[in-house]
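So this one's target_23.cif, mmCIF, C-alpha atoms and all ligand atoms:
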data_target
#
loop_
_atom_site.label_atom_id
_atom_site.label_comp_id
_atom_site.auth_asym_id
_atom_site.auth_seq_id
_atom_site.Cartn_x
_atom_site.Cartn_y
_atom_site.Cartn_z
CA MET A 10 -19.71 74.12 20.23
CA SER A 11 -22.89 72.18 20.80
CA TYR A 12 -23.92 69.23 18.72
CA LYS A 13 -27.31 67.85 17.90
CA ILE A 14 -28.79 65.28 20.27
CA ALA A 15 -32.31 63.90 20.70
CA GLN A 16 -34.93 66.42 21.76
CA ILE A 17 -36.93 65.42 24.80
CA ARG A 18 -40.17 66.67 23.28
CA LEU A 19 -39.67 64.31 20.34
CA VAL A 20 -38.86 61.29 22.50
CA SER A 21 -41.82 58.92 22.50
CA SER A 22 -43.05 57.22 25.66
CA HIS A 23 -45.07 54.36 27.08
CA PRO A 24 -46.02 53.56 30.70
CA GLU A 25 -43.81 50.47 30.61
CA VAL A 26 -40.76 52.10 29.04
CA TYR A 27 -37.93 53.82 30.90
CA GLU A 28 -37.99 57.57 30.32
CA PRO A 29 -34.73 59.42 29.74
CA CYS A 30 -33.33 60.21 33.13
CA ASP A 31 -30.07 61.39 34.78
CA ASP A 32 -28.30 58.20 33.73
CA SER A 33 -29.41 58.57 30.10
CA PHE A 34 -28.27 62.20 30.07
CA ALA A 35 -24.93 61.31 31.67
CA LEU A 36 -24.33 58.62 29.03
CA VAL A 37 -25.11 61.04 26.19
CA ASP A 38 -22.85 63.64 27.80
CA ALA A 39 -20.07 61.06 27.94
CA LEU A 40 -20.51 60.33 24.24
CA LEU A 41 -20.62 64.04 23.44
CA SER A 42 -17.44 64.68 25.37
CA ASP A 43 -15.77 61.92 23.35
CA ARG A 44 -17.34 62.89 20.05
CA ASN A 45 -14.12 63.86 18.30
CA ASN A 46 -12.46 60.62 19.35
CA LEU A 47 -15.49 58.70 18.13
CA LEU A 48 -15.24 60.35 14.73
CA GLU A 49 -11.58 59.48 14.59
CA LEU A 50 -12.39 55.89 15.50
CA LYS A 51 -14.64 55.77 12.40
CA PRO A 52 -16.91 53.07 13.80
CA MET A 53 -18.53 50.89 11.16
CA LEU A 54 -21.05 49.07 13.37
CA CYS A 55 -22.46 50.74 16.48
CA MET A 56 -24.81 49.12 18.92
CA GLU A 57 -26.87 49.86 22.00
CA VAL A 58 -28.07 47.16 24.36
CA GLY A 59 -31.26 48.12 26.22
CA CYS A 60 -32.34 51.12 24.14
CA GLY A 61 -35.48 51.95 26.19
CA SER A 62 -36.98 55.18 24.85
CA GLY A 63 -34.31 55.42 22.15
CA TYR A 64 -32.94 58.65 23.61
CA VAL A 65 -29.32 57.46 23.66
CA ILE A 66 -29.07 55.72 20.29
CA THR A 67 -30.92 58.60 18.61
CA SER A 68 -28.56 61.11 20.23
CA LEU A 69 -25.56 59.07 19.16
CA MET A 70 -26.73 58.99 15.55
CA LEU A 71 -27.49 62.71 15.57
CA MET A 72 -24.20 63.75 17.13
CA LEU A 73 -22.13 61.70 14.68
CA GLY A 74 -24.39 62.87 11.87
CA GLU A 75 -23.03 63.11 8.34
CA GLU A 76 -19.54 62.49 9.63
CA ALA A 77 -20.48 58.95 10.68
CA ASN A 78 -19.47 58.00 7.13
CA GLY A 79 -22.10 55.34 6.56
CA ALA A 80 -21.81 53.71 10.00
CA GLN A 81 -24.72 51.39 10.76
CA PHE A 82 -26.55 51.26 14.08
CA ILE A 83 -28.27 48.36 15.85
CA ALA A 84 -30.23 48.51 19.09
CA THR A 85 -31.78 45.80 21.21
CA ASP A 86 -34.18 45.69 24.12
CA ILE A 87 -35.86 42.82 25.93
CA ASN A 88 -39.04 44.90 26.24
CA HIS A 89 -41.06 45.07 23.02
CA HIS A 90 -42.72 48.31 24.10
CA ALA A 91 -39.27 49.86 24.35
CA ILE A 92 -38.47 48.74 20.80
CA LYS A 93 -41.64 50.37 19.54
CA VAL A 94 -40.98 53.59 21.47
CA THR A 95 -37.40 53.68 20.13
CA GLN A 96 -38.74 53.26 16.61
CA GLU A 97 -41.06 56.25 17.14
CA THR A 98 -38.31 58.35 18.70
CA MET A 99 -35.97 57.66 15.80
CA GLU A 100 -38.65 58.42 13.22
CA ALA A 101 -39.41 61.73 14.91
CA HIS A 102 -35.73 62.64 14.56
CA GLY A 103 -35.31 61.28 11.04
CA VAL A 104 -32.69 58.68 11.93
CA TYR A 105 -32.65 54.91 11.49
CA ALA A 106 -31.22 51.98 13.42
CA GLU A 107 -32.01 48.31 13.11
CA LEU A 108 -34.00 47.17 16.13
CA ILE A 109 -34.13 43.69 17.56
CA ASN A 110 -36.32 42.47 20.39
CA THR A 111 -33.96 40.17 22.23
CA ASP A 112 -32.20 39.38 25.48
CA ILE A 113 -28.97 41.42 25.45
CA ALA A 114 -27.63 40.41 22.01
CA SER A 115 -28.96 36.88 21.79
CA GLY A 116 -29.01 35.75 18.15
CA LEU A 117 -26.35 38.29 17.17
CA GLU A 118 -23.46 37.00 19.24
CA ASN A 119 -22.09 34.49 16.74
CA ARG A 120 -22.11 36.46 13.53
CA LEU A 121 -21.45 39.84 15.08
CA ALA A 122 -18.54 38.62 17.22
CA GLY A 123 -15.54 40.90 16.91
CA SER A 124 -17.39 43.37 14.67
CA VAL A 125 -18.92 46.00 16.94
CA ASP A 126 -16.80 49.15 17.07
CA LEU A 127 -18.96 51.06 19.50
CA LEU A 128 -21.22 49.59 22.16
CA VAL A 129 -23.23 51.69 24.59
CA VAL A 130 -25.14 50.33 27.55
CA ASN A 131 -27.25 51.89 30.28
CA PRO A 132 -28.14 48.64 32.02
CA PRO A 133 -30.63 47.93 34.79
CA TYR A 134 -28.24 48.61 37.65
CA VAL A 135 -30.30 49.25 40.78
CA PRO A 136 -29.70 46.75 43.60
CA THR A 137 -32.93 44.77 44.06
CA PRO A 138 -33.98 41.32 45.19
CA GLU A 139 -32.84 38.82 42.57
CA ASP A 140 -36.39 37.76 41.67
CA GLU A 141 -37.21 41.26 40.40
CA VAL A 142 -34.68 41.00 37.57
CA GLY A 143 -36.04 40.53 34.07
CA ARG A 144 -39.68 40.66 35.09
CA GLU A 145 -42.23 41.87 32.61
CA GLY A 146 -42.76 45.59 32.42
CA ILE A 147 -40.97 48.64 33.68
CA ALA A 148 -39.21 46.93 36.62
CA SER A 149 -36.83 45.19 34.21
CA ALA A 150 -35.60 48.64 33.19
CA TRP A 151 -33.83 49.15 36.50
CA ALA A 152 -33.91 45.93 38.57
CA GLY A 153 -30.32 44.75 38.77
CA GLY A 154 -30.40 42.07 41.46
CA GLU A 155 -27.65 41.73 44.03
CA ASN A 156 -25.44 44.87 44.03
CA GLY A 157 -27.24 45.74 40.81
CA ARG A 158 -24.83 43.43 39.02
CA SER A 159 -27.04 40.62 37.69
CA VAL A 160 -27.64 42.01 34.22
CA ILE A 161 -24.32 43.87 34.05
CA ASP A 162 -22.46 40.62 34.69
CA LYS A 163 -24.36 39.00 31.82
CA ILE A 164 -23.71 41.91 29.49
CA LEU A 165 -19.94 42.15 30.04
CA PRO A 166 -18.98 38.77 28.52
CA VAL A 167 -21.27 39.48 25.58
CA ALA A 168 -19.67 42.90 25.14
CA GLU A 169 -16.21 41.33 25.08
CA LYS A 170 -17.37 38.91 22.44
CA LEU A 171 -19.01 41.53 20.24
CA LEU A 172 -16.38 44.26 20.41
CA SER A 173 -13.92 44.53 17.57
CA LYS A 174 -10.22 44.83 18.33
CA ARG A 175 -10.52 48.59 18.16
CA GLY A 176 -13.98 48.65 19.74
CA TRP A 177 -15.11 50.84 22.62
CA LEU A 178 -17.71 50.18 25.28
CA TYR A 179 -19.44 52.91 27.27
CA MET A 180 -21.40 51.70 30.26
CA VAL A 181 -23.35 53.36 33.05
CA THR A 182 -22.63 52.11 36.56
CA LEU A 183 -23.61 53.06 40.05
CA THR A 184 -21.25 53.13 43.02
CA ALA A 185 -23.20 50.20 44.45
CA ASN A 186 -22.20 48.13 41.38
CA ASN A 187 -18.56 48.34 42.50
CA PRO A 188 -17.22 49.90 39.28
CA SER A 189 -13.59 49.50 40.25
CA GLN A 190 -14.13 45.75 40.57
CA ILE A 191 -15.77 45.78 37.12
CA CYS A 192 -12.70 47.59 35.74
CA ARG A 193 -10.33 45.05 37.31
CA GLN A 194 -12.40 42.21 35.92
CA MET A 195 -12.34 43.76 32.44
CA MET A 196 -8.61 44.33 32.74
CA LYS A 197 -8.14 40.59 33.09
CA LYS A 198 -9.75 40.34 29.67
CA GLY A 199 -7.38 42.91 28.22
CA TYR A 200 -9.44 46.06 28.57
CA ALA A 201 -8.26 49.39 29.86
CA SER A 202 -10.88 51.68 31.32
CA LYS A 203 -11.53 55.24 32.29
CA ILE A 204 -14.33 57.24 33.83
CA VAL A 205 -15.65 59.65 31.24
CA VAL A 206 -18.41 61.24 33.30
CA GLN A 207 -19.13 61.11 37.00
CA ARG A 208 -22.25 62.57 38.51
CA SER A 209 -23.62 62.51 42.03
CA THR A 210 -27.17 63.07 43.11
CA VAL A 211 -28.58 62.64 46.59
CA GLU A 212 -29.61 59.08 45.80
CA GLU A 213 -26.81 57.83 43.64
CA SER A 214 -23.42 58.39 42.17
CA LEU A 215 -23.21 57.51 38.50
CA HIS A 216 -20.07 56.69 36.56
CA ILE A 217 -19.93 56.39 32.82
CA ILE A 218 -16.98 54.12 32.16
CA LYS A 219 -15.29 53.67 28.84
CA PHE A 220 -13.52 50.37 28.08
CA TRP A 221 -11.15 49.68 25.23
CA LYS A 222 -8.81 46.91 24.29
CA ASP A 223 -5.27 47.75 25.26
CA ASN A 224 -2.56 45.68 23.62
CA ASP A 225 -0.26 46.27 26.56
CA ILE A 226 -2.65 44.37 28.76
CA GLU A 227 -2.36 40.67 28.25
CA ALA A 228 -5.75 39.07 28.43
CA ASP A 229 -5.62 36.47 31.13
CA THR A 230 -8.04 33.69 30.41
CA ASN A 231 -7.00 31.56 33.35
CA ASP A 232 -7.93 34.21 35.85
CA VAL A 233 -4.45 33.92 37.32
CA ILE A 234 -2.30 37.00 37.47
CA THR A 235 0.61 36.17 35.21
CA ASN A 236 1.13 39.63 33.94
CA SER A 237 3.38 41.91 35.86
CA LYS A 238 3.85 44.64 33.28
CA ALA A 239 3.84 48.09 34.78
CA VAL A 240 1.53 49.59 32.18
CA PRO A 241 -1.68 47.70 32.84
CA LEU A 242 -1.30 48.02 36.57
CA GLY A 243 -0.78 51.69 36.06
CA ILE A 244 -4.02 51.89 34.13
CA VAL A 245 -5.98 50.14 36.80
CA ASP A 246 -4.40 52.26 39.47
CA SER A 247 -5.40 55.36 37.63
CA VAL A 248 -8.98 54.19 37.37
CA ARG A 249 -8.97 53.24 41.00
CA SER A 250 -7.61 56.55 42.11
CA GLN A 251 -10.07 58.33 39.85
CA ILE A 252 -12.87 56.44 41.49
CA GLN A 253 -11.51 56.95 44.96
CA ARG A 254 -11.47 60.68 44.48
CA LEU A 255 -15.18 60.67 43.80
CA SER A 256 -17.65 61.47 46.47
CA PHE A 257 -19.44 58.51 48.02
CA TRP A 258 -16.75 56.15 46.88
CA GLY A 259 -15.94 53.34 49.25
CA SER A 260 -19.48 52.58 50.20
CA CYS A 261 -20.85 49.47 48.59
CA ASP A 262 -24.29 49.84 50.01
CA ILE A 263 -26.45 52.29 48.14
CA ASN A 264 -28.49 53.09 51.26
CA THR A 265 -25.50 54.33 53.17
CA THR A 266 -24.52 56.73 50.40
CA THR A 267 -27.41 59.00 51.23
CA ASN A 268 -27.35 60.89 54.46
CA MET U 16 -35.21 44.23 9.12
CA ARG U 17 -32.52 44.72 6.53
CA LEU U 18 -30.55 41.92 4.91
CA LEU U 19 -27.44 43.21 6.67
CA THR U 20 -29.11 42.30 9.94
CA HIS U 21 -30.38 38.99 8.57
CA ASN U 22 -26.76 38.20 7.74
CA MET U 23 -25.79 38.84 11.37
CA LEU U 24 -28.58 36.83 13.02
CA SER U 25 -28.49 33.16 13.98
CA SER U 26 -30.88 30.92 15.82
CA ASN U 27 -30.25 31.25 19.55
CA ILE U 28 -32.02 28.07 20.58
CA LYS U 29 -30.01 26.04 23.04
CA GLY U 30 -28.29 23.03 21.50
CA VAL U 31 -28.65 24.21 17.91
CA THR U 32 -25.30 23.93 16.16
CA ASN U 33 -26.27 25.11 12.67
CA GLY U 34 -28.35 28.15 13.40
CA PHE U 35 -27.28 30.18 10.38
CA PRO U 36 -28.71 31.43 8.10
CA LEU U 37 -32.25 31.83 9.30
CA LYS U 38 -34.79 31.01 6.59
CA ILE U 39 -36.83 34.02 5.58
CA GLN U 40 -40.61 33.79 5.26
CA VAL U 41 -41.83 36.83 3.41
CA GLU U 42 -45.20 38.41 3.93
CA LYS U 43 -44.27 41.98 3.09
CA VAL U 44 -41.12 43.65 1.82
CA VAL U 45 -40.71 47.40 1.78
CA GLU U 46 -37.98 49.53 0.23
CA LYS U 47 -36.54 52.56 1.98
CA GLN U 48 -33.97 54.64 0.17
CA VAL U 49 -30.83 55.58 2.02
CA GLU U 50 -27.71 57.37 0.93
CA ILE U 51 -25.00 55.09 -0.43
CA ASN U 52 -21.62 54.99 1.23
CA HIS U 53 -18.94 53.19 -0.76
CA ASP U 54 -16.49 52.93 2.13
CA PHE U 55 -19.06 51.22 4.32
CA LEU U 56 -19.91 48.72 1.57
CA ARG U 57 -16.27 47.86 0.98
CA ASN U 58 -15.56 47.51 4.69
CA ILE U 59 -18.58 45.38 5.45
CA PHE U 60 -18.14 43.13 2.41
CA PRO U 61 -15.60 40.72 4.00
CA LYS U 62 -17.98 40.19 6.92
CA ILE U 63 -20.93 39.20 4.74
CA ASP U 64 -21.71 35.54 4.27
CA TRP U 65 -22.32 35.87 0.57
CA LYS U 66 -24.38 32.77 -0.04
CA ALA U 67 -26.77 33.59 2.80
CA PHE U 68 -27.01 37.15 1.51
CA SER U 69 -27.60 36.40 -2.15
CA ASP U 70 -30.15 33.68 -1.31
CA ALA U 71 -31.92 36.06 1.04
CA SER U 72 -32.00 38.82 -1.56
CA ARG U 73 -33.70 36.47 -4.02
CA ILE U 74 -36.26 35.40 -1.43
CA MET U 75 -36.95 39.10 -0.92
CA GLY U 76 -37.66 39.37 -4.66
CA TYR U 77 -34.38 40.94 -5.82
CA ASP U 78 -32.49 38.96 -8.43
CA GLU U 79 -29.42 41.10 -9.04
CA MET U 80 -27.00 39.55 -6.53
CA PRO U 81 -24.80 36.82 -8.07
CA GLU U 82 -24.62 33.46 -6.35
CA GLU U 83 -20.85 33.62 -6.21
CA PRO U 84 -19.24 36.40 -4.21
CA PRO U 85 -17.78 39.14 -6.44
CA GLU U 86 -14.06 39.74 -6.56
CA PRO U 87 -13.03 42.56 -4.20
CA SER U 88 -11.83 44.48 -7.27
CA VAL U 89 -15.44 44.63 -8.49
CA LEU U 90 -16.26 46.56 -5.34
CA GLU U 91 -13.42 48.95 -6.07
CA LEU U 92 -14.26 49.64 -9.68
CA ASN U 93 -17.84 48.76 -10.48
CA VAL U 94 -20.03 51.55 -9.18
CA GLU U 95 -23.12 50.04 -10.71
CA PHE U 96 -22.56 46.83 -8.79
CA LEU U 97 -21.99 48.77 -5.57
CA GLY U 98 -25.37 50.43 -6.08
CA LYS U 99 -27.09 47.09 -6.35
CA PHE U 100 -25.20 45.66 -3.39
CA HIS U 101 -26.22 48.73 -1.38
CA HIS U 102 -29.85 48.31 -2.40
CA ALA U 103 -29.99 44.64 -1.45
CA LEU U 104 -28.06 45.05 1.80
CA LEU U 105 -29.57 48.25 3.20
CA GLU U 106 -32.72 49.26 1.33
CA LEU U 107 -34.80 46.09 1.29
CA HIS U 108 -36.66 45.57 4.54
CA LEU U 109 -38.55 42.52 5.68
CA GLU U 110 -41.51 44.38 7.13
CA GLU U 111 -43.74 41.41 7.93
CA GLY U 112 -42.86 37.74 7.97
CA ALA U 113 -40.73 35.38 9.98
CA LEU U 114 -37.28 33.91 10.38
CA LEU U 115 -37.04 30.14 10.76
CA CYS U 116 -34.34 28.27 12.62
CA PRO U 117 -32.71 26.07 9.94
CA GLU U 118 -32.31 23.20 12.39
CA THR U 119 -35.50 23.16 14.45
CA GLY U 120 -37.89 25.17 12.29
CA ARG U 121 -38.69 27.38 15.29
CA LYS U 122 -40.31 30.58 14.06
CA PHE U 123 -39.06 34.03 15.05
CA PRO U 124 -41.72 36.51 14.01
CA VAL U 125 -40.91 39.77 12.26
CA ASN U 126 -43.60 42.39 12.81
CA LYS U 127 -43.39 46.03 11.72
CA GLY U 128 -39.83 45.29 10.70
CA ILE U 129 -38.74 44.06 14.14
CA PRO U 130 -37.42 40.52 14.59
CA ASN U 131 -38.39 38.97 17.89
CA MET U 132 -35.61 36.65 19.03
CA LEU U 133 -36.99 36.08 22.53
CA LEU U 134 -37.42 32.47 23.47
CA LEU U 135 -40.02 32.90 26.14
CA GLU U 136 -41.64 29.51 26.35
CA ASP U 137 -38.44 27.50 26.08
CA LYS U 138 -36.32 29.80 28.23
CA VAL U 139 -33.78 27.80 30.21
C1 LIG M 1 -31.91 51.92 32.56
S1 LIG M 1 -32.87 51.55 31.13
C2 LIG M 1 -32.01 52.52 29.89
C3 LIG M 1 -32.86 52.92 28.73
C4 LIG M 1 -32.19 53.87 27.74
N1 LIG M 1 -31.03 53.25 27.11
C5 LIG M 1 -31.77 55.15 28.43
O1 LIG M 1 -30.56 55.30 28.68
O2 LIG M 1 -32.62 55.96 28.73
C6 LIG M 1 -32.41 49.86 30.78
C7 LIG M 1 -33.04 49.25 29.52
O3 LIG M 1 -32.51 47.94 29.36
C8 LIG M 1 -33.55 47.05 29.00
N2 LIG M 1 -33.15 45.71 29.41
C9 LIG M 1 -33.19 45.17 30.65
N3 LIG M 1 -32.72 43.91 30.64
C10 LIG M 1 -32.38 43.65 29.34
C11 LIG M 1 -31.85 42.51 28.69
N4 LIG M 1 -31.57 41.37 29.33
N5 LIG M 1 -31.63 42.58 27.35
C12 LIG M 1 -31.90 43.72 26.66
N6 LIG M 1 -32.40 44.82 27.24
C13 LIG M 1 -32.64 44.79 28.57
C14 LIG M 1 -34.76 47.58 29.70
O4 LIG M 1 -35.95 47.12 29.08
C15 LIG M 1 -34.55 49.09 29.60
O5 LIG M 1 -35.14 49.59 28.42
#
Here is the file; what I need is its structure written in the form of structure tokens.
Ligand SMILES: C[S@@+](CC[C@H](N)C(=O)[O-])C[C@H]1O[C@@H](n2cnc3c(N)ncnc32)[C@H](O)[C@@H]1O
Amino acid sequence: MSYKIAQIRLVSSHPEVYEPCDDSFALVDALLSDRNNLLELKPMLCMEVGCGSGYVITSLMLMLGEEANGAQFIATDINHHAIKVTQETMEAHGVYAELINTDIASGLENRLAGSVDLLVVNPPYVPTPEDEVGREGIASAWAGGENGRSVIDKILPVAEKLLSKRGWLYMVTLTANNPSQICRQMMKKGYASKIVVQRSTVEESLHIIKFWKDNDIEADTNDVITNSKAVPLGIVDSVRSQIQRLSFWGSCDINTTTN
Amino acid sequence: MRLLTHNMLSSNIKGVTNGFPLKIQVEKVVEKQVEINHDFLRNIFPKIDWKAFSDASRIMGYDEMPEEPPEPSVLELNVEFLGKFHHALLELHLEEGALLCPETGRKFPVNKGIPNMLLLEDKV
């Protein structure tokens, strides 16, 4: 059965706004493949950081549809053109989310802490020189600094703060971002993870990773491994082996993944 | 910007300790009808800072929200109240205006319904 998602012809655009691309489609596919679980989760507050064209948040609202049971949606972007384009895209599809022009979730972090049930992020993840990160214009849509991790590493602590106890995070990563290291790092904060969608093109290998709080994992604030329970290690191992099975895995340099 | 979002926003200026609630400066309010969902209203209620919300609703020109938070039982039984709560929380939009940091007075503009929380000039 196919569900409604945003229609490309109704997605608005602007020269300085990221157009829906393989990563956007992979993220929407990941959400679609988890749609039934999402409905069961009954999220009350859903959020996207870095909404760009609005393709993902619009698709999310459409696929949950009537069954979202009054859930409210918030999206942010640092680029004001992106906010405007998202507004147009949503209007064209007859859906509504609150939009805020801000850096990640700045201004929302205090009051929204522990309240976001569903967070989706397709961050700027392409490895670039550090000084290209956060520049004006379209470059900030992809420029991710060293290993493409600059913005991701700022988003993760914010995500942890915002997510509710039952909250889920879906994030796009590239092999060059070292996703298994991201999963290990999140595990130290009490999050289990799994790859929902994996897709390889000639240039890149994308992983959409889902994170959720797992009570069997003891969050370790001291960054010292004090937890020797079999379960969390098992989870990480399964993520690691999932990642290892993927093509291109093992290379941390994006340039060497092409041949 | 809806009052739900206003209730979730604080000043993000470095060093500010009392950044909530942001003061609303109204230039234009618009109303957009949306379907009511009682479950959502009941679930979100405990997360609402009532004083900030009822003050904000008055500034937006809507006088039906009491200053004191209602008893949770009111939300269970009083459908008329739920309708008003819904209207104030989700149907009133600050279309044009600004949000002011309660501590520094720094202005965050709201244009076409979008709050701009970027701190460009004083970025650290
Ligand atoms: C790869 S694009 C994804 C756009 C859209 N979500 C999609 O999937 O098609 C990344 C988006 O994040 C935004 N962005 C970059 N840095 C940001 C930051 N610090 N805070 C908020 N948004 C940011 C960019 O402006 C861009 O719109």
- prompt: Using all atoms listed in the file, which chain U residues lie at most 8 Å away from chain A, written as a list in words?
  reply: Met16, Arg17, Thr20, Asn22, Met23, Leu24, Ser25, Ser26, Asn27, Ile51, Asn52, Asp54, Phe55, Asn58, Ile59, Ile129, Pro130, Asn131, Met132 and Leu133 of chain U
- request: Please check which protein, DNA or RNA residues sit within 6 Å of ligand LIG 1 (chain M), counting only C-alpha atoms and all ligand atoms, and write them as number ranges by chain.
  value: A: 27-29, 33, 58-62, 64-65, 85-88, 91, 112-113, 131-133, 143, 149-151
Next, the residues of the selection above should be written as an mmCIF file, in the coordinates of the input with C-alpha atoms.
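The resulting selection_10.cif:
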data_model
loop_
_atom_site.group_PDB
_atom_site.id
_atom_site.type_symbol
_atom_site.label_atom_id
_atom_site.label_comp_id
_atom_site.auth_asym_id
_atom_site.auth_seq_id
_atom_site.Cartn_x
_atom_site.Cartn_y
_atom_site.Cartn_z
ATOM 1 C CA TYR A 27 -37.930 53.820 30.900
ATOM 2 C CA GLU A 28 -37.990 57.570 30.320
ATOM 3 C CA PRO A 29 -34.730 59.420 29.740
ATOM 4 C CA SER A 33 -29.410 58.570 30.100
ATOM 5 C CA VAL A 58 -28.070 47.160 24.360
ATOM 6 C CA GLY A 59 -31.260 48.120 26.220
ATOM 7 C CA CYS A 60 -32.340 51.120 24.140
ATOM 8 C CA GLY A 61 -35.480 51.950 26.190
ATOM 9 C CA SER A 62 -36.980 55.180 24.850
ATOM 10 C CA TYR A 64 -32.940 58.650 23.610
ATOM 11 C CA VAL A 65 -29.320 57.460 23.660
ATOM 12 C CA THR A 85 -31.780 45.800 21.210
ATOM 13 C CA ASP A 86 -34.180 45.690 24.120
ATOM 14 C CA ILE A 87 -35.860 42.820 25.930
ATOM 15 C CA ASN A 88 -39.040 44.900 26.240
ATOM 16 C CA ALA A 91 -39.270 49.860 24.350
ATOM 17 C CA ASP A 112 -32.200 39.380 25.480
ATOM 18 C CA ILE A 113 -28.970 41.420 25.450
ATOM 19 C CA ASN A 131 -27.250 51.890 30.280
ATOM 20 C CA PRO A 132 -28.140 48.640 32.020
ATOM 21 C CA PRO A 133 -30.630 47.930 34.790
ATOM 22 C CA GLY A 143 -36.040 40.530 34.070
ATOM 23 C CA SER A 149 -36.830 45.190 34.210
ATOM 24 C CA ALA A 150 -35.600 48.640 33.190
ATOM 25 C CA TRP A 151 -33.830 49.150 36.500
#
message: One decimal, in Å: what's the spacing between atom CA of Glu213 of chain A and atom CA of Cys30 of chain A?
response: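 For atom CA of Glu213 of chain A relative to atom CA of Cys30 of chain A, the distance reads 12.6 Å.
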field: Nearest-residue call for Arg73 of chain U, choices U:Arg121, U:Arg57, U:Lys47, U:Lys38, using only C-alpha atoms
entry: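 Once distances to Arg73 of chain U are computed over only C-alpha atoms, the minimum belongs to U:Lys38.
Minimum distance to Val94 of chain U across U:Leu37, U:Val125, U:Leu109, U:Leu56 (counting all atoms listed in the file) occurs at U:Leu56.
Put simply, atom CA of Leu172 of chain A is 8.9 Å away from atom CA of Lys222 of chain A.
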- prompt: If you measure from atom CA of Asn126 of chain U to atom CA of Gly112 of chain U, what distance in Å do you get, rounded to one decimal?
  reply: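 These two atoms are separated by 6.8 Å.
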message: Here's a test: counting all atoms listed in the file, identify every protein, DNA and RNA residue with an atom at most 12 Å from (-41.3, 56.6, 14.1) in the file's coordinate frame, and state them as a VMD selection string.
response: (chain A and resid 19 to 22 62 to 63 67 92 to 106) or (chain U and resid 127 to 128)
Coordinates of box centre and edge lengths for segment 153-170 of chain A, 4 Å on every side, axis-aligned, as AutoDock Vina command-line options:
--center_x -23.3 --center_y 42.3 --center_z 33.2 --size_x 22.2 --size_y 15.0 --size_z 29.6
- prompt: Taking into account all atoms listed in the file, which residue in the set A:His23, A:Ala152, A:Glu49, A:Thr210 is nearest to Asp140 of chain A?
  reply: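 Result for the nearest residue to Asp140 of chain A: A:Ala152.
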Residue with smallest distance to Met56 of chain A - pool A:Met70, A:Thr137, A:Glu212, A:Met196, counting only C-alpha atoms: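 Of A:Met70, A:Thr137, A:Glu212, A:Met196, the one nearest Met56 of chain A is A:Met70, counting only C-alpha atoms.
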